[in-house]
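Report on the structure given below.
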Amino acid sequence: MSRRSLTLLKNLARNSNASCIQTRSVTYMPRPGDGSPRAVTLIPGDGIGPLVTNAVEQVMEAMHAPIYFEKYDVQGEMSRVPAEVMESIRKNKVCLKGGLKTPVGGGVSSLNVQLRKELDLFASLVNCFNLPGLPTRHENVDIVVIRENTEGEYAGLEHEVVPGVVESLKVITKFCSERIAKYAFEYAYLNNRKKVTAVHKANIMKLADGLFLESCREVAKKYPGITYNEIIVDNCCMQLVAKPEQFDVMVTPNLYGNLVANTAAGIAGGTGVMPGGNVGADHAVFEQGASAGNVGKDSIVRKNKANPVALLLSSAMMLRHLQFPSFADRLETAVKKVISEGKCRTKDLGGQSTTQEVVDAVIAKLE
Amino acid sequence: MLWCDMEASLNLLNLGLGRMVITKFCSERIAKYAFEYAYLNNRKKVTAVHKANIMKLADGLFLESCREVAKKYPGITYNEIIVDNCCMQLVAKPEQFDVMVTPNLYGNLVANTAAGIAGGTGVMPGGNVGADHAVFEQGASAGNVGKDSIVRKNKANPVALLLSSAMMLRHLQFPSFADRLETAVKRVISEGKCRTKDLGGQSTTQEVVDAVIAKLE
């Protein structure tokens, strides 16, 4: 047997042993009334969006989860997110969405970005981790990328100085840098993470990224139990593909975060499986971890072969956010079992299944 | 229930009177809590414990409330058991029980019996919760504060209160800390090296605490 398969088998055995120990379910003593159903805004989106959000709807039904969806149709070509949708999200405080396709060029700005700015969802979180049964080149990957979501290179401030010359402004503020750093350290603290790495290019952008780093350093002083270090973004990309196990929580400004998150998602198994979401002080929008604007090829949509795993795991994060930990655990366990068995996989994971087959397998594995 | 303070003592007649009060309001809300707990914690069965063959009106009202709430949770199995049979079943075949909802007195007895068969009141976690507040304490026998000798020799078992504080952390929405605490405590128990007298060992409270702290990640 090849050395690689031996390691994989050992990992599988180790993981199944670990799951044997946790026989008793978590005892969660609810407050009276915690079980009343919560409303969640649902935006199916474009491309594969409706497929994967439908997958989530089916699984939530099967689990009898205490949530009900208020569905709204939004397309990426619209100029703005409709007011009624924003109303609904403001009322429900939690939203689940598929991707919204952003047209390249032209005058239409990304609705994904619009949503994040209007609701001030300043933190984007992507959890990239190895799934048992899905072997990748690197093991022991468990990276959480926390990305500033409202400013930086996505400030949208572009203008043509003279014909043929365009200026794009990157805006970094102390206010936003401080709050994203605070969120990253708080996340690490509450989730028992040991290290926070700030990603920057302050050797070149001395003032902008320098301000970002200053804010991170200040916040780091308040968390002496958590290791803090900094890495320049080009070296970071190289390290990610060479030795990703060294990273734990990464805090980044807007653009680097997008790239780092997608890279980390790719090395850990692909953007089809990594969960994530956007959170602000008052609202939270959950969507697949990386590549919210990538709504898949037409052929995938036609053949119904989109991977629902990322959105299913994101909806588990949403259930935990809504304080339904038991349902979140059931969903995650079922999804992980389906992946580790390996029988039902969509094309991006090397299999041939359709979205519906994966959904049925997950529902079958629900306890 | 049997603990309301409407007792009268008619000394002349050498008579002591206790009054048991069961209200629809309280029965309904405890039944609702029990089913909601079962729903939110993925439990499959709720068993109502009663003595309605004898106390037809009082426990009958309790049962009625439970049955009404049960209808709203078709996914959860509901059954009823008379408290004397229940005690017998608990010691003979406790695996049949999942969530049990009981009035006040039976609950005290059933909880202590169940705690005893599963390992003792020194290890079972629990708490009290209302609409606005929650008080966590060791699961059973809150009134039993141990013998003087245990206090003097510092040999009390901290496990019950440690696990209750993990439940408290979860109630406060700090699940990661709750998980760490529970894992550490369970490891210490499963290793078996550090146990207080009620679990068959010789350790002091401080030794158990040090072991738990050492096992924290």
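FYI, nothing fancy with the structure tokens labels: chains A, B, ... in order, residues from 1 per chain, ligands from 1 as they appear.
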(Q) If we count only C-alpha atoms and set the cut-off at 10 Å, which residues sit around region 70-74 of chain B, ignoring sequence neighbours fewer than 2 positions away in its own chain? Please answer as a list in words. (A) Ala31, Lys32, Ala34, Phe35, Glu36, Ala38, Tyr39, Val46, Glu64, Ser65, Cys66, Arg67, Glu68, Ile76, Thr77, Tyr78 and Asn79 of chain B
Each residue of chain A with at least one atom at most 6 Å from chain B should appear once, together with its nearest atom pair and the corresponding distance in Å (one decimal); atoms considered: only C-alpha atoms; ordering: chain, then increasing residue number; output as a tab-separated table.
residue	atom	partner	partner_atom	distance
A:Pro32	CA	B:Ala131	CA	5.7
A:Gly35	CA	B:Glu36	CA	5.8
A:Asn191	CA	B:Ser176	CA	5.5
A:Ser326	CA	B:Asn41	CA	5.4
(Q) Excluding Arg38 (chain A) and its own-chain neighbours fewer than 5 positions away, which residues fall within 7 Å of it when counting only C-alpha atoms? Please give them as number ranges by chain. (A) A: 66-68
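With CA of Gln246 (chain A) on one side and CA of Lys182 (chain A) on the other, the separation reads 21.6 Å.
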Q: Find the residues near Asp298 (chain A): any atom within 10 Å, counting only C-alpha atoms, skip ones fewer than 4 places away on the same chain, and give them as a list of chain:residue names.
A: A:Gly47, A:Ile48, A:Arg302, A:Lys303, A:Asn304
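Closest to Thr333 (chain A) among A:Val141, A:Ala281, A:Leu311, A:Val362 is A:Val362, based on only C-alpha atoms.
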What lies within 10 Å of Val81 (chain A) using only C-alpha atoms, ignoring chain neighbours under 6 positions off, as an mmCIF file with N, CA and C atoms, in the first residue's frame?
data_model
loop_
_atom_site.group_PDB
_atom_site.id
_atom_site.type_symbol
_atom_site.label_atom_id
_atom_site.label_comp_id
_atom_site.auth_asym_id
_atom_site.auth_seq_id
_atom_site.Cartn_x
_atom_site.Cartn_y
_atom_site.Cartn_z
ATOM 1 N N ASP A 73 -36.367 37.170 -4.251
ATOM 2 C CA ASP A 73 -35.614 36.998 -5.488
ATOM 3 C C ASP A 73 -34.742 38.208 -5.756
ATOM 4 N N VAL A 74 -33.442 37.995 -5.799
ATOM 5 C CA VAL A 74 -32.534 39.095 -6.108
ATOM 6 C C VAL A 74 -31.570 38.592 -7.170
ATOM 7 N N GLN A 75 -31.397 39.384 -8.219
ATOM 8 C CA GLN A 75 -30.422 38.990 -9.247
ATOM 9 C C GLN A 75 -29.237 39.935 -9.222
ATOM 10 N N SER A 110 -21.183 45.618 -7.243
ATOM 11 C CA SER A 110 -21.535 44.290 -6.747
ATOM 12 C C SER A 110 -22.602 44.379 -5.666
ATOM 13 N N LEU A 111 -23.654 43.591 -5.829
ATOM 14 C CA LEU A 111 -24.701 43.584 -4.815
ATOM 15 C C LEU A 111 -24.210 42.926 -3.534
ATOM 16 N N ASN A 112 -23.267 41.972 -3.678
ATOM 17 C CA ASN A 112 -22.701 41.358 -2.479
ATOM 18 C C ASN A 112 -22.069 42.427 -1.602
ATOM 19 N N GLN A 114 -22.595 45.655 -1.786
ATOM 20 C CA GLN A 114 -23.609 46.622 -1.338
ATOM 21 C C GLN A 114 -24.284 46.165 -0.057
ATOM 22 N N LEU A 115 -24.646 44.867 -0.056
ATOM 23 C CA LEU A 115 -25.310 44.295 1.114
ATOM 24 C C LEU A 115 -24.429 44.446 2.345
ATOM 25 N N GLU A 118 -24.212 48.228 3.383
ATOM 26 C CA GLU A 118 -25.426 48.829 3.947
ATOM 27 C C GLU A 118 -25.744 48.290 5.324
#
Gly116 (chain B): which residues within 12 Å, counting only C-alpha atoms, same-chain residues fewer than 3 positions away excluded, as a short mmCIF file (atom, residue, chain, number, x, y, z; two decimals) with N, CA and C atoms, in the first residue's frame?
data_model
loop_
_atom_site.label_atom_id
_atom_site.label_comp_id
_atom_site.auth_asym_id
_atom_site.auth_seq_id
_atom_site.Cartn_x
_atom_site.Cartn_y
_atom_site.Cartn_z
N CYS B 87 -39.99 3.93 39.72
CA CYS B 87 -38.83 3.68 40.56
C CYS B 87 -38.29 2.28 40.33
N LEU B 90 -36.54 2.17 36.98
CA LEU B 90 -35.28 2.90 37.01
C LEU B 90 -34.14 2.02 37.48
N VAL B 91 -34.43 1.20 38.49
CA VAL B 91 -33.33 0.38 38.98
C VAL B 91 -33.15 -0.90 38.19
N PRO B 94 -32.87 1.17 33.37
CA PRO B 94 -32.90 2.62 33.22
C PRO B 94 -32.71 3.08 31.77
N LEU B 109 -37.41 12.64 43.99
CA LEU B 109 -37.06 11.24 44.22
C LEU B 109 -36.49 10.59 42.97
N VAL B 110 -37.16 10.83 41.84
CA VAL B 110 -36.69 10.22 40.59
C VAL B 110 -35.30 10.73 40.26
N ALA B 111 -35.06 12.02 40.47
CA ALA B 111 -33.74 12.57 40.13
C ALA B 111 -32.66 11.96 40.99
N ASN B 112 -32.92 11.81 42.28
CA ASN B 112 -31.91 11.23 43.14
C ASN B 112 -31.66 9.76 42.82
N THR B 113 -32.75 9.04 42.51
CA THR B 113 -32.56 7.63 42.15
C THR B 113 -31.75 7.52 40.88
N GLY B 119 -24.12 6.90 38.81
CA GLY B 119 -22.78 7.21 39.30
C GLY B 119 -22.74 7.99 40.60
N GLY B 120 -23.89 8.48 41.03
CA GLY B 120 -23.87 9.16 42.31
C GLY B 120 -24.16 10.64 42.19
N THR B 121 -24.66 11.20 43.29
CA THR B 121 -25.02 12.62 43.25
C THR B 121 -23.78 13.50 43.22
N GLY B 122 -22.62 12.91 43.40
CA GLY B 122 -21.41 13.72 43.36
C GLY B 122 -20.97 14.08 41.97
N VAL B 123 -21.59 13.46 40.96
CA VAL B 123 -21.12 13.73 39.59
C VAL B 123 -22.19 14.27 38.65
N MET B 124 -23.45 14.28 39.05
CA MET B 124 -24.49 14.64 38.08
C MET B 124 -24.75 16.15 38.07
N GLY B 139 -26.61 18.57 40.52
CA GLY B 139 -27.88 18.09 40.00
C GLY B 139 -28.89 17.65 41.04
N ALA B 140 -28.52 16.75 41.90
CA ALA B 140 -29.47 16.21 42.85
C ALA B 140 -29.03 16.54 44.25
N SER B 141 -29.99 16.44 45.19
CA SER B 141 -29.65 16.62 46.60
C SER B 141 -29.01 17.96 46.90
N ASP B 198 -16.43 9.15 47.21
CA ASP B 198 -17.71 8.62 46.75
C ASP B 198 -17.58 7.86 45.43
N LEU B 199 -16.48 8.04 44.72
CA LEU B 199 -16.27 7.29 43.49
C LEU B 199 -15.28 6.15 43.70
#
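In this comparison, which uses only C-alpha atoms, the residue of B:Val212, B:Ala114, B:Asn157, B:Lys56 approaching Val145 (chain B) most closely is B:Asn157.
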Q: as a PyMOL selection string, please: all residues of region 37-203 of chain A that backbone DSSP puts in helix (DSSP H, G or I).
A: chain A and resi 49-63+83-92+111-118+174-190
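For region 120-126 of chain A, the set of protein, DNA and RNA residues having any atom at most 6 Å away, when counting only C-alpha atoms and skipping those fewer than 5 positions along the same chain, is Val144, Val145, Ile146, Arg147, Glu148, Asn149, Thr150, Gly276, Gly277, Asn278, Val279, Gly280 and Gly289 of chain A.
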Residues of the last selection are to be written out with N, CA, C and O atoms, as an mmCIF file, in the first residue's frame.
data_model
loop_
_atom_site.group_PDB
_atom_site.id
_atom_site.type_symbol
_atom_site.label_atom_id
_atom_site.label_comp_id
_atom_site.auth_asym_id
_atom_site.auth_seq_id
_atom_site.Cartn_x
_atom_site.Cartn_y
_atom_site.Cartn_z
ATOM 1 N N VAL A 144 -8.891 30.039 9.846
ATOM 2 C CA VAL A 144 -10.050 30.917 9.795
ATOM 3 C C VAL A 144 -9.567 32.272 9.302
ATOM 4 O O VAL A 144 -8.702 32.883 9.918
ATOM 5 N N VAL A 145 -10.102 32.716 8.190
ATOM 6 C CA VAL A 145 -9.690 33.997 7.631
ATOM 7 C C VAL A 145 -10.751 35.029 7.983
ATOM 8 O O VAL A 145 -11.922 34.870 7.639
ATOM 9 N N ILE A 146 -10.304 36.053 8.700
ATOM 10 C CA ILE A 146 -11.247 37.107 9.083
ATOM 11 C C ILE A 146 -10.860 38.355 8.309
ATOM 12 O O ILE A 146 -9.759 38.886 8.463
ATOM 13 N N ARG A 147 -11.769 38.789 7.496
ATOM 14 C CA ARG A 147 -11.439 39.806 6.501
ATOM 15 C C ARG A 147 -12.293 41.029 6.718
ATOM 16 O O ARG A 147 -13.506 40.918 6.943
ATOM 17 N N GLU A 148 -11.653 42.199 6.669
ATOM 18 C CA GLU A 148 -12.408 43.447 6.804
ATOM 19 C C GLU A 148 -13.271 43.597 5.561
ATOM 20 O O GLU A 148 -12.803 43.421 4.457
ATOM 21 N N ASN A 149 -14.514 43.928 5.739
ATOM 22 C CA ASN A 149 -15.469 43.751 4.655
ATOM 23 C C ASN A 149 -15.981 45.042 4.040
ATOM 24 O O ASN A 149 -16.762 45.002 3.103
ATOM 25 N N THR A 150 -15.600 46.199 4.585
ATOM 26 C CA THR A 150 -16.294 47.404 4.131
ATOM 27 C C THR A 150 -15.416 48.440 3.458
ATOM 28 O O THR A 150 -15.937 49.299 2.768
ATOM 29 N N GLY A 276 -18.836 29.875 5.620
ATOM 30 C CA GLY A 276 -18.430 31.200 6.077
ATOM 31 C C GLY A 276 -19.629 32.111 6.186
ATOM 32 O O GLY A 276 -20.762 31.704 5.994
ATOM 33 N N GLY A 277 -19.355 33.355 6.518
ATOM 34 C CA GLY A 277 -20.443 34.297 6.650
ATOM 35 C C GLY A 277 -19.914 35.689 6.874
ATOM 36 O O GLY A 277 -18.710 35.913 6.978
ATOM 37 N N ASN A 278 -20.828 36.638 6.928
ATOM 38 C CA ASN A 278 -20.494 38.039 7.168
ATOM 39 C C ASN A 278 -21.265 38.497 8.383
ATOM 40 O O ASN A 278 -22.469 38.229 8.484
ATOM 41 N N VAL A 279 -20.589 39.169 9.307
ATOM 42 C CA VAL A 279 -21.295 39.564 10.515
ATOM 43 C C VAL A 279 -20.996 41.010 10.852
ATOM 44 O O VAL A 279 -19.902 41.513 10.602
ATOM 45 N N GLY A 280 -21.990 41.686 11.376
ATOM 46 C CA GLY A 280 -21.812 43.049 11.852
ATOM 47 C C GLY A 280 -22.418 43.145 13.229
ATOM 48 O O GLY A 280 -22.823 42.151 13.814
ATOM 49 N N GLY A 289 -18.389 30.087 1.967
ATOM 50 C CA GLY A 289 -17.260 30.803 2.518
ATOM 51 C C GLY A 289 -16.546 31.738 1.562
ATOM 52 O O GLY A 289 -16.405 32.930 1.805
#
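Relative to CA of Tyr256 (chain A), CA of Lys201 (chain A) is found at 9.1 Å.
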Counting only C-alpha atoms, what are the residues of region 66-169 of chain B within 9 Å of region 187-196 of chain B, and for each of them which pair of atoms is the nearest and at what distance in Å, to one decimal? Sort the table by chain and rising number, as a Markdown table.
| residue | atom | partner | partner_atom | distance |
| --- | --- | --- | --- | --- |
| B:Lys155 | CA | B:Thr196 | CA | 6.1 |
| B:Ala156 | CA | B:Thr196 | CA | 6.8 |
| B:Asn157 | CA | B:Thr196 | CA | 5.8 |
| B:Pro158 | CA | B:Thr196 | CA | 8.8 |
| B:Val159 | CA | B:Ile189 | CA | 8.9 |
